[in-house]
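Engineer: Sharing a structure here in structure tokens format.
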Amino acid sequence: MRWQDELISWDPFEYDIDCVSLPAHSIWKPDITLYNNRDENYKHFLPEATVHVCFDGSATYSAYSIFRSSCNMNIKYYPSDDQTCNLRLSSWNHNEFELDINPQLRVLDQNELFNDNGVWKLEGVDAWREIEGYKSFSNPYVYAVFSIHLKRRHEFHCRFILIPYYFCSFLISFMFFIPFESGEKLSFGITSVLAMTVFQQFVAFSLPPVGNQSPVVGRYFNAVIGIGVVALFVEIVLYKFKDKAHMKIVEIGLGICFLLALLIALIVYVVKV
């Protein structure tokens with residue numbers, strides 16, 4: 001963090017020194033605070049490093065800080081979703097006319113310093129300056145906003161949840177091709193619907209409880225389970241007429257219809273994503 005303080009400038013020719021290092025507690029520092037902070041034990045900067053001050057009033061404070069914040073998540077296109085989190089930093093006591101803020105980015109260090117945890121991929125970090133007034137008769141405050149863009153790594157979810165679910169969803173249509181004599185017709189359909197429900201729970205547990213929107217994959221799961229329940233109901237109705245010879249042809253036709261319905265639901269999901 002760098003700032004300019006005219007009250008600590010001096011003549012380098014008079015004192016024969018250009019810059020000095022001073023303890024952080026012995027000099028004024030900007031009270032930059034994370035406004036959307038979610039850490040109860042938040043401290044501004046750690047550790048108490050020295051402040052490098054030069055004759056022109058420029059000061060540099062090289063200390064790290066751990067921020068914990070929260071942001072709204074858009075899970076509509078989960079698991080191929082992108083998230084943007086904003087960190088709003090500003091002075092708590094000084095307005096625009098007392099303390100001005102100009103954020104700067106170190107673009108070359110973004111990918112090197114980001115800790116790749118296997119879930120999120122850093123797409124980039126943007127920074128800009130905002131001015132906001134709280135009341136009409138008060139002076140506005142300056143904010144440094146850092147916007148962090150993250151992209152979810154979807155390979156794990158696709159390989160172990162989505163792709164097995166796609167194959168499992170088509171099993172329900174094969175129920176119509178199983179002969180009545182096997183005795184496993186309805187149990188096969190019920191097992192297929194239960195398997196799809198279990199896959200849906202896996203996805204639900206990995207999502208945050210967001211109430212204002214639902215992911216497209218959740219709607220697809222509900223549509224497939226609904227098609228499976230309807231298929232079971234139709235099969236139970238047809239079971240009463242199993243002695244009729246032409247029911248086999250009707251079942252094959254229904255199986256093809258449900259298979260087409262599942263394909264249409266899959267195509268709609270892919271188009272939405």
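Labels used: A, B, ... for chains in the order of the structure tokens, numbers from 1 for residues in each chain, and numbers from 1 for ligands as shown.
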Near A:Cys54, counting only C-alpha atoms, which residues have an atom at most 7 Å away, once you skip same-chain residues fewer than 2 positions from it, shown as a list in words?
Structural biologist: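 Non-adjacent residues within range: Asp18, Cys19, Val20, His52, Asp56, Gly57, Ser58 and Ala59 of chain A.
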Engineer: Please save all heavy atoms of the selected residues as a tab-separated table (two decimals), in the first residue's frame.
Structural biologist:
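Below you can see again.tsv, which holds the result:
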```tsv
chain	number	residue	atom	x	y	z
A	18	ASP	N	17.51	10.38	1.94
A	18	ASP	CA	16.37	10.35	1.01
A	18	ASP	C	15.17	9.61	1.57
A	18	ASP	O	14.03	10.06	1.44
A	18	ASP	CB	16.80	9.71	-0.32
A	18	ASP	CG	17.83	10.55	-1.06
A	18	ASP	OD1	17.83	11.78	-0.85
A	18	ASP	OD2	18.62	9.97	-1.82
A	19	CYS	N	15.39	8.43	2.17
A	19	CYS	CA	14.29	7.61	2.66
A	19	CYS	C	14.67	6.99	4.01
A	19	CYS	O	15.85	6.75	4.29
A	19	CYS	CB	13.94	6.49	1.67
A	19	CYS	SG	13.41	7.08	0.03
A	20	VAL	N	13.67	6.73	4.81
A	20	VAL	CA	13.86	6.10	6.11
A	20	VAL	C	12.77	5.05	6.30
A	20	VAL	O	11.72	5.10	5.65
A	20	VAL	CB	13.81	7.12	7.27
A	20	VAL	CG1	14.99	8.08	7.19
A	20	VAL	CG2	12.49	7.88	7.26
A	52	HIS	N	8.13	2.51	4.78
A	52	HIS	CA	9.25	3.12	4.07
A	52	HIS	C	8.81	4.50	3.59
A	52	HIS	O	7.94	4.63	2.73
A	52	HIS	CB	9.67	2.24	2.89
A	52	HIS	CG	10.96	2.63	2.26
A	52	HIS	ND1	12.17	2.52	2.91
A	52	HIS	CD2	11.25	3.15	1.04
A	52	HIS	CE1	13.13	2.92	2.13
A	52	HIS	NE2	12.60	3.33	0.99
A	56	ASP	N	9.86	13.08	-0.41
A	56	ASP	CA	8.75	13.74	-1.09
A	56	ASP	C	7.40	13.45	-0.45
A	56	ASP	O	6.36	13.86	-0.98
A	56	ASP	CB	8.73	13.34	-2.56
A	56	ASP	CG	8.59	11.84	-2.76
A	56	ASP	OD1	8.71	11.10	-1.75
A	56	ASP	OD2	8.37	11.41	-3.92
A	57	GLY	N	7.39	12.72	0.67
A	57	GLY	CA	6.14	12.41	1.36
A	57	GLY	C	5.50	11.10	0.94
A	57	GLY	O	4.41	10.76	1.43
A	58	SER	N	6.15	10.38	0.06
A	58	SER	CA	5.62	9.08	-0.36
A	58	SER	C	5.95	8.02	0.69
A	58	SER	O	7.07	7.97	1.21
A	58	SER	CB	6.19	8.68	-1.72
A	58	SER	OG	7.59	8.57	-1.66
A	59	ALA	N	4.98	7.19	0.99
A	59	ALA	CA	5.15	6.14	2.00
A	59	ALA	C	4.69	4.81	1.41
A	59	ALA	O	3.68	4.75	0.67
A	59	ALA	CB	4.36	6.47	3.26
```
Engineer: Looking at only C-alpha atoms, which of A:Lys76, A:Arg153, A:Arg88, A:Arg68 is the one that sits closest to A:Val119?
Structural biologist: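 Under the stated criterion, the closest residue is A:Arg153.
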Engineer: Which of these residues is nearest to A:Phe258, using only C-alpha atoms: A:Cys85, A:Ser192, A:Asp31, A:Phe174?
Structural biologist: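 With only C-alpha atoms as the atom set, the closest residue is A:Phe174.
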Engineer: Out of stretch 72-250 of chain A, which residues get strand (DSSP E) from DSSP, as JSON, numbers by chain?
Structural biologist: {"A": [82, 83, 84, 85, 86, 87, 88, 89, 90, 91, 120, 121, 122, 123, 124, 125, 126, 127, 128, 129, 130, 131, 132, 141, 142, 143, 144, 145, 146, 147, 148, 149, 150, 151, 152]}
Engineer: Restricting the calculation to only C-alpha atoms: of A:Tyr141, A:Trp128, A:Tyr165, A:Phe55, which residue gets closest to A:His94?
Structural biologist: A:Tyr141
Engineer: One decimal, in Å: what's the spacing between atom CA of A:Ile264 and atom CA of A:Ile227?
Structural biologist: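 Atom CA of A:Ile227 lies 11.5 Å from atom CA of A:Ile264.
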Engineer: Kindly indicate which residue among A:Asp82, A:Asp39, A:Glu98, A:Asp16 lies nearest to A:Ser70, using only C-alpha atoms for the distances.
Structural biologist: A:Asp39
Engineer: So how many Å separate atom CA of A:Glu130 and atom CA of A:Trp92, to one decimal?
Structural biologist: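 Separating atom CA of A:Glu130 from atom CA of A:Trp92 is a distance of 14.7 Å.
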Engineer: Once DSSP has gone over the backbone, tell me which residues of stretch 53-262 of chain A are in alpha helix (DSSP H), as a PyMOL selection string.
Structural biologist: chain A and resi 110-113+155-157+163-169+185-205+216-239+247-262
Engineer: Any idea what's packed within 7 Å of A:Leu34, counting only C-alpha atoms, ignoring anything in its chain fewer than 4 positions away? Could you give it as a PDB file with all heavy atoms, in the first residue's frame?
Structural biologist:
```pdb
ATOM      1  N   LEU A  87     -14.532  -7.124  -3.833  1.00  0.00           N
ATOM      2  CA  LEU A  87     -14.008  -6.683  -2.548  1.00  0.00           C
ATOM      3  C   LEU A  87     -13.996  -5.164  -2.548  1.00  0.00           C
ATOM      4  O   LEU A  87     -13.323  -4.545  -3.370  1.00  0.00           O
ATOM      5  CB  LEU A  87     -12.595  -7.234  -2.314  1.00  0.00           C
ATOM      6  CG  LEU A  87     -12.439  -8.759  -2.331  1.00  0.00           C
ATOM      7  CD1 LEU A  87     -10.983  -9.146  -2.133  1.00  0.00           C
ATOM      8  CD2 LEU A  87     -13.298  -9.404  -1.249  1.00  0.00           C
ATOM      9  N   ARG A  88     -14.749  -4.566  -1.612  1.00  0.00           N
ATOM     10  CA  ARG A  88     -14.868  -3.110  -1.546  1.00  0.00           C
ATOM     11  C   ARG A  88     -14.046  -2.596  -0.374  1.00  0.00           C
ATOM     12  O   ARG A  88     -14.366  -2.863   0.787  1.00  0.00           O
ATOM     13  CB  ARG A  88     -16.336  -2.695  -1.401  1.00  0.00           C
ATOM     14  CG  ARG A  88     -17.180  -3.037  -2.625  1.00  0.00           C
ATOM     15  CD  ARG A  88     -18.651  -2.819  -2.348  1.00  0.00           C
ATOM     16  NE  ARG A  88     -18.934  -1.458  -1.916  1.00  0.00           N
ATOM     17  CZ  ARG A  88     -19.158  -0.438  -2.749  1.00  0.00           C
ATOM     18  NH1 ARG A  88     -19.119  -0.645  -4.065  1.00  0.00           N
ATOM     19  NH2 ARG A  88     -19.427   0.765  -2.293  1.00  0.00           N
ATOM     20  N   LEU A  89     -12.984  -1.869  -0.702  1.00  0.00           N
ATOM     21  CA  LEU A  89     -12.079  -1.322   0.299  1.00  0.00           C
ATOM     22  C   LEU A  89     -12.193   0.202   0.303  1.00  0.00           C
ATOM     23  O   LEU A  89     -12.228   0.838  -0.755  1.00  0.00           O
ATOM     24  CB  LEU A  89     -10.636  -1.733   0.012  1.00  0.00           C
ATOM     25  CG  LEU A  89     -10.368  -3.239   0.092  1.00  0.00           C
ATOM     26  CD1 LEU A  89      -9.342  -3.661  -0.913  1.00  0.00           C
ATOM     27  CD2 LEU A  89      -9.920  -3.619   1.485  1.00  0.00           C
ATOM     28  N   SER A  90     -12.233   0.774   1.498  1.00  0.00           N
ATOM     29  CA  SER A  90     -12.337   2.221   1.615  1.00  0.00           C
ATOM     30  C   SER A  90     -11.914   2.644   3.015  1.00  0.00           C
ATOM     31  O   SER A  90     -11.725   1.808   3.913  1.00  0.00           O
ATOM     32  CB  SER A  90     -13.760   2.688   1.325  1.00  0.00           C
ATOM     33  OG  SER A  90     -13.861   4.091   1.448  1.00  0.00           O
TER      34      SER A  90
END
```
Engineer: So which residues touch A:Ile225 within 9 Å, counting only C-alpha atoms, skipping near sequence neighbours fewer than 3 positions away, as a count of residues only?
Structural biologist: 11
Engineer: Using Å and a single decimal, report how far atom CA of A:Ser206 sits from atom CA of A:Leu122.
Structural biologist: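 Computed distance, atom CA of A:Leu122 to atom CA of A:Ser206, equals 20.0 Å.
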Engineer: Tell me which of A:Ala127, A:Ile236, A:Ser138, A:Leu207 sits closest to A:Met73, counting only C-alpha atoms.
Structural biologist: A:Leu207
Engineer: For A:Ser80, which residue among A:Ile17, A:Ala223, A:Leu162, A:Leu263 is the nearest when counting only C-alpha atoms?
Structural biologist: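 Between A:Ile17, A:Ala223, A:Leu162, A:Leu263, the residue approaching A:Ser80 most closely is A:Leu162.
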